[in-house]
Amino acid sequence: MARLHQSQRKIAESSSRFKVLRCGRRFGKTTYAVEEMKGACLFEPGPVAYFATTRDQARDIVWAELLENVIGTTNYVSHNEQRLEVTLRRPDGSLNRIRLFGWENIETARGKKYSLVVLDELDSMRAFEKQWREIIRATLADYRGRALFMGTPKGYKSLYRLEKLSKTNANYEVFHFTSFDNPFLSVEELDEMRGEMTVTQYAQEMLAEYHKMEGLIYEEFNRDQHIKALPFTPERWALSIDFGYNHPFAAGIFAIGSDNSLHLDRMVYKRKLSDEQRMNAVRDLIGDTKLDFQIGDSEDPLAIDTLNRQLGLKIQPVVKGAGSVLEGINKSKSLLHQGRLTMDPSCEDLAWEKENYSWKLDKNDEPLDEPVKQDDDACDMERYAVITIHGTKKKEFRVRTA
Ligand SMILES: Nc1ncnc2c1ncn2[C@@H]1O[C@H](COP(=O)(O)OP(=O)(O)OP(=O)(O)O)[C@@H](O)[C@H]1O
Ligand SMILES: [Mg+2]
C-alpha cells in the first residue's frame, strides 16, 4: 500500500463532502484517489464509482494500480476485468464494490447509488456541470455520498468554476498543489518536464494555475456574459442542424432579434440517434415555434430529405463556399464581442464546445487558420445559423433552394 505523502495527507484529513483537487501533473492525484476509494469501499455504506474521460483511460490509468493495492490484502474478495470492478469484504463481513467507468458512458450511472464518486481529469469531461446536475448528484443522495473532483486545469473551466463555487458553498473545499509537492518525483524528472514546456504550459501543467487555453477560437466567449435567458424580443426564429451519428447530432432553435442578434433558445445534442429518434427529437425541439429559417449541414442531403419528408419541414442545405468556415467563425466572434450571440443556460453542450474549440497549431505551436475538427458539432450548428442570418456575400452564403 502506498503511504500518502504530506500534501496528499492534507487532503485525506479534510472531512469536506466535495473535495476539489487542482494539482499539477504527476502530483499523485490518481494514487490518492485509489486510497480514498479503498477507504470508502471498506468503511462507507455504498459502492464507489471512478470516472475517467473514457473507459479505456480508466483501465489504463487506474485499474492496475487498484488491483495492486487490493489483491493480497485480507479484504480482497474478487475482481472482474470485464466490468472493471473490484469486490472487497468490509470489517463487518459484508461485501462492497469499486467500479471504473468512462465519462462517455455517464448515462449508465443513472439510477445508481454511491458513497463516493471520483472524477479524474475533470476539465476533459464534456459538459461536466450538466451531467453532475442531471445524473451524478442524485447518485449521492441516498448515502449522503461524497465526491472527489480532480485534475490539472485546462483553462478557465470546470475546476475553475468549482473553485468559484467553493467560495460560497461550504460543502466544497479546494486543494491546490503543484507537481513539486510530490516528494517521490526526482528533481531531474521535474526539470526535464519543465524544460519541454512553454512558460504558460509550465504554469498550467506543473503549477496548476489557470491560464487561457492556447489557440482557442472563441476567446471572446464568457459564460457570465453569454449565457442568459432570452435578452430581447424575438422577431423571427431559426432551426439549425448539424447531422451526426457517431458524432453528436446537434440541432438548435435560435431566436432572432430586430438587430439580428441571435440567441440559442434550446438544443438537442445526442449521439447514435436512430432515424426515428432523430425525427422525434426534432419534432419535440420545434414544438409549436413558427420557423422563419430552417437550415442543415449540406454534407448530408439524404438526412435533410428524410427529416423534411417525415416532419413536413423545409430544411435547406447551407451552402459552404470556400472560406465560409472562417467567415462564419469571424462573424460569430464579432457577434460574441458585441454580446449579440447568446445562449440559454440549458445549452451547456455548446458552451463546453466553445471553451474547447481550437485552431490547429503548427510545429511552433502557432495557431493556423483552420479549426481542429473535433468537438465542433454544436459550434458548426451555431455557425450555420450565423452565416445564414449574417452572411455578407449573399450569393455565396445564401441558403440554396433545393
Ligand atoms: N504517496 C505516494 N507514494 C509513492 N509514490 C507516489 C505517491 N503518490 C504518487 N506517487 C507516484 O508519483 C507518480 C505520479 O502519481 P499519479 O499518477 O498518482 O499522479 P497524477 O497526479 O494522477 O498524475 P497525472 O497528472 O499524470 O494524472 C507515480 O509514479 C506514483 O506512483
Ligand atoms: Mg492521474
# chains A, B, ... in the order shown; residues from 1 in each chain; ligands from 1

$ select_by_dssp --residues "range 139-232 of chain A" --states "strand (DSSP E)" --output "JSON, numbers by chain"
{"A": [146, 147, 148, 149, 150, 151, 172, 173, 174, 175, 176, 177]}

$ write_last_selection --atoms "N, CA and C atoms" --output "compact mmCIF listing (two decimals), in the first residue's frame"
# COMPACT_ATOMS: atom_id res chain seq x y z
N ARG A 146 -20.04 11.24 -1.06
CA ARG A 146 -19.02 12.27 -1.25
C ARG A 146 -18.55 12.27 -2.69
N ALA A 147 -17.86 13.34 -3.08
CA ALA A 147 -17.28 13.37 -4.43
C ALA A 147 -15.87 13.94 -4.36
N LEU A 148 -15.04 13.41 -5.26
CA LEU A 148 -13.66 13.87 -5.38
C LEU A 148 -13.48 14.32 -6.83
N PHE A 149 -13.33 15.62 -7.02
CA PHE A 149 -13.14 16.16 -8.37
C PHE A 149 -11.65 16.46 -8.50
N MET A 150 -11.01 15.92 -9.54
CA MET A 150 -9.59 16.23 -9.61
C MET A 150 -9.10 16.44 -11.03
N GLY A 151 -7.99 17.13 -11.15
CA GLY A 151 -7.42 17.34 -12.47
C GLY A 151 -6.40 18.46 -12.44
N TYR A 172 -17.91 22.42 -0.45
CA TYR A 172 -16.76 22.25 -1.34
C TYR A 172 -15.49 22.76 -0.70
N GLU A 173 -14.42 22.01 -0.86
CA GLU A 173 -13.11 22.51 -0.41
C GLU A 173 -12.09 22.27 -1.53
N VAL A 174 -11.30 23.29 -1.81
CA VAL A 174 -10.33 23.19 -2.90
C VAL A 174 -8.93 22.96 -2.34
N PHE A 175 -8.19 22.06 -2.97
CA PHE A 175 -6.80 21.80 -2.60
C PHE A 175 -5.94 22.10 -3.80
N HIS A 176 -5.04 23.05 -3.65
CA HIS A 176 -4.19 23.43 -4.77
C HIS A 176 -2.74 23.02 -4.47
N PHE A 177 -2.22 22.10 -5.27
CA PHE A 177 -0.83 21.67 -5.12
C PHE A 177 -0.15 21.63 -6.48

$ select_by_dssp --residues "range 251-333 of chain A" --states "helix (DSSP H, G or I)" --output "ChimeraX atom specification"
/A:275-286,301-311,324-333

$ write_last_selection --atoms "C-alpha atoms" --output "compact mmCIF listing (two decimals), in the first residue's frame"
# COMPACT_ATOMS: atom_id res chain seq x y z
CA ASP A 275 -33.91 7.80 -37.76
CA GLU A 276 -37.00 7.64 -35.65
CA GLN A 277 -35.38 9.02 -32.51
CA ARG A 278 -33.95 11.86 -34.57
CA MET A 279 -37.35 12.65 -36.02
CA ASN A 280 -38.95 12.70 -32.57
CA ALA A 281 -36.15 14.81 -31.13
CA VAL A 282 -36.52 17.44 -33.87
CA ARG A 283 -40.30 17.46 -33.60
CA ASP A 284 -40.11 17.98 -29.82
CA LEU A 285 -37.42 20.60 -30.27
CA ILE A 286 -39.53 22.66 -32.67
CA PRO A 301 -28.63 15.84 -48.16
CA LEU A 302 -30.20 12.45 -47.50
CA ALA A 303 -30.75 13.19 -43.82
CA ILE A 304 -32.24 16.57 -44.74
CA ASP A 305 -34.63 14.97 -47.24
CA THR A 306 -35.67 12.33 -44.71
CA LEU A 307 -36.46 14.87 -42.00
CA ASN A 308 -38.28 17.13 -44.46
CA ARG A 309 -40.45 14.22 -45.55
CA GLN A 310 -41.07 12.89 -42.04
CA LEU A 311 -41.99 16.22 -40.47
CA SER A 324 -17.23 30.00 -45.36
CA VAL A 325 -15.90 28.36 -42.20
CA LEU A 326 -13.59 31.27 -41.49
CA GLU A 327 -16.22 33.83 -42.41
CA GLY A 328 -18.71 32.13 -40.08
CA ILE A 329 -16.20 31.97 -37.25
CA ASN A 330 -15.20 35.61 -37.68
CA LYS A 331 -18.81 36.71 -37.75
CA SER A 332 -19.54 34.67 -34.62
CA LYS A 333 -16.54 36.17 -32.86

$ residues_near_ligand --ligand "ligand 2" --cutoff "10 Å" --atoms "only C-alpha atoms and all ligand atoms" --output "number ranges by chain"
A: 23-33, 52, 58, 61-62, 120-121, 150-152

$ residues_around --residues "range 345-360 of chain A" --least-positions-apart "4" --cutoff "7 Å" --atoms "only C-alpha atoms" --output "number ranges by chain"
A: 126-127, 130, 215-218, 227-228, 266-267, 367-372, 375-376, 378-379

$ closest_residue --among "A:Arg22, A:His337, A:Lys290, A:Lys10" --to "Ala238 in chain A" --atoms "only C-alpha atoms"
A:Lys290

$ atom_distance --atom1 "CA of Ala250 in chain A" --atom2 "CA of Val118 in chain A"
29.0 Å

$ closest_residue --among "A:Thr73, A:Asn182, A:Asn169, A:Thr139" --to "Leu4 in chain A" --atoms "only C-alpha atoms"
A:Asn182

$ closest_residue --among "A:Ser298, A:Gln8, A:Ser240, A:Thr289" --to "ligand 1" --atoms "only C-alpha atoms and all ligand atoms"
A:Gln8

$ residues_around --residues "Ala49 in chain A" --least-positions-apart "4" --cutoff "6 Å" --atoms "only C-alpha atoms" --output "PDB file with N, CA and C atoms, in the first residue's frame"
ATOM      1  N   ILE A  98     -15.927  -1.385  -5.875  1.00  0.00           N
ATOM      2  CA  ILE A  98     -15.391  -0.195  -6.554  1.00  0.00           C
ATOM      3  C   ILE A  98     -15.479  -0.493  -8.044  1.00  0.00           C
ATOM      4  N   ARG A  99     -16.081   0.402  -8.807  1.00  0.00           N
ATOM      5  CA  ARG A  99     -16.179   0.142 -10.237  1.00  0.00           C
ATOM      6  C   ARG A  99     -15.687   1.342 -11.042  1.00  0.00           C
ATOM      7  N   LEU A 100     -15.004   1.062 -12.158  1.00  0.00           N
ATOM      8  CA  LEU A 100     -14.454   2.118 -13.011  1.00  0.00           C
ATOM      9  C   LEU A 100     -15.324   2.318 -14.244  1.00  0.00           C
ATOM     10  N   VAL A 117     -17.990   9.197  -5.413  1.00  0.00           N
ATOM     11  CA  VAL A 117     -17.767   9.269  -6.863  1.00  0.00           C
ATOM     12  C   VAL A 117     -16.483  10.060  -7.082  1.00  0.00           C
TER      13      VAL A 117
END

$ residues_around --residues "Ala40 in chain A" --least-positions-apart "3" --cutoff "10 Å" --atoms "only C-alpha atoms" --output "mmCIF file with N, CA and C atoms, in the first residue's frame"
data_model
loop_
_atom_site.group_PDB
_atom_site.id
_atom_site.type_symbol
_atom_site.label_atom_id
_atom_site.label_comp_id
_atom_site.auth_asym_id
_atom_site.auth_seq_id
_atom_site.Cartn_x
_atom_site.Cartn_y
_atom_site.Cartn_z
ATOM 1 N N VAL A 34 -7.008 6.282 -5.364
ATOM 2 C CA VAL A 34 -7.075 4.835 -5.065
ATOM 3 C C VAL A 34 -7.198 4.618 -3.556
ATOM 4 N N GLU A 35 -6.428 5.359 -2.788
ATOM 5 C CA GLU A 35 -6.504 5.232 -1.323
ATOM 6 C C GLU A 35 -7.885 5.618 -0.805
ATOM 7 N N GLU A 36 -8.365 6.727 -1.320
ATOM 8 C CA GLU A 36 -9.661 7.237 -0.869
ATOM 9 C C GLU A 36 -10.786 6.250 -1.253
ATOM 10 N N MET A 37 -10.663 5.652 -2.427
ATOM 11 C CA MET A 37 -11.694 4.702 -2.886
ATOM 12 C C MET A 37 -11.686 3.450 -2.020
ATOM 13 N N PHE A 43 -15.298 1.299 4.523
ATOM 14 C CA PHE A 43 -15.895 1.882 5.726
ATOM 15 C C PHE A 43 -17.157 2.707 5.490
ATOM 16 N N GLU A 44 -17.550 2.876 4.251
ATOM 17 C CA GLU A 44 -18.762 3.651 3.999
ATOM 18 C C GLU A 44 -19.836 2.723 3.422
ATOM 19 N N PRO A 45 -21.102 3.108 3.568
ATOM 20 C CA PRO A 45 -22.166 2.143 3.290
ATOM 21 C C PRO A 45 -22.317 1.701 1.838
ATOM 22 N N GLY A 46 -22.156 2.610 0.872
ATOM 23 C CA GLY A 46 -22.471 2.248 -0.513
ATOM 24 C C GLY A 46 -21.240 2.032 -1.370
ATOM 25 N N PRO A 47 -21.426 1.618 -2.624
ATOM 26 C CA PRO A 47 -20.306 1.374 -3.526
ATOM 27 C C PRO A 47 -19.624 2.664 -3.992
ATOM 28 N N VAL A 48 -18.513 2.477 -4.716
ATOM 29 C CA VAL A 48 -17.667 3.578 -5.164
ATOM 30 C C VAL A 48 -17.593 3.561 -6.685
ATOM 31 N N ASN A 96 -18.608 -4.997 -0.591
ATOM 32 C CA ASN A 96 -18.814 -3.692 -1.238
ATOM 33 C C ASN A 96 -17.910 -3.610 -2.462
ATOM 34 N N ARG A 97 -18.235 -2.692 -3.383
ATOM 35 C CA ARG A 97 -17.546 -2.681 -4.678
ATOM 36 C C ARG A 97 -17.001 -1.317 -5.085
ATOM 37 N N ILE A 98 -15.927 -1.385 -5.875
ATOM 38 C CA ILE A 98 -15.391 -0.195 -6.554
ATOM 39 C C ILE A 98 -15.479 -0.493 -8.044
ATOM 40 N N TYR A 114 -24.215 5.738 -4.792
ATOM 41 C CA TYR A 114 -22.805 5.619 -4.409
ATOM 42 C C TYR A 114 -22.500 6.350 -3.105
ATOM 43 N N SER A 115 -21.464 5.846 -2.427
ATOM 44 C CA SER A 115 -20.932 6.553 -1.264
ATOM 45 C C SER A 115 -19.844 7.535 -1.671
ATOM 46 N N LEU A 116 -19.169 7.198 -2.778
ATOM 47 C CA LEU A 116 -18.096 8.083 -3.264
ATOM 48 C C LEU A 116 -18.052 8.020 -4.783
ATOM 49 N N VAL A 117 -17.990 9.197 -5.413
ATOM 50 C CA VAL A 117 -17.767 9.269 -6.863
ATOM 51 C C VAL A 117 -16.483 10.060 -7.082
ATOM 52 N N GLY A 145 -23.537 10.700 -0.092
ATOM 53 C CA GLY A 145 -22.198 10.340 -0.574
ATOM 54 C C GLY A 145 -21.307 11.552 -0.807
ATOM 55 N N ARG A 146 -20.041 11.235 -1.061
ATOM 56 C CA ARG A 146 -19.024 12.270 -1.248
ATOM 57 C C ARG A 146 -18.550 12.273 -2.692
#

$ closest_residue --among "A:Thr53, A:Ser179, A:Thr87, A:Ser124" --to "ligand 1" --atoms "only C-alpha atoms and all ligand atoms"
A:Ser179

$ residues_around --residues "Arg271 in chain A" --least-positions-apart "3" --cutoff "9 Å" --atoms "only C-alpha atoms" --output "list in words"
Gly244, Tyr245, Asn246, His247, Pro248, Phe249 and Ala250 of chain A

$ closest_residue --among "A:Asp344, A:Glu205, A:Asp292, A:Glu68" --to "Leu313 in chain A" --atoms "only C-alpha atoms"
A:Asp292

$ residues_around --residues "range 190-201 of chain A" --least-positions-apart "4" --cutoff "9 Å" --atoms "only C-alpha atoms" --output "list in words"
Ser179, Phe180, Leu185, Ser186, Glu205, Met206, His211, Lys212 and Glu214 of chain A

$ atom_distance --atom1 "CA of Gly257 in chain A" --atom2 "CA of Gly323 in chain A"
26.4 Å

$ closest_residue --among "A:Asn69, A:Asn80, A:Gln316, A:Ser166" --to "ligand 1" --atoms "only C-alpha atoms and all ligand atoms"
A:Asn69
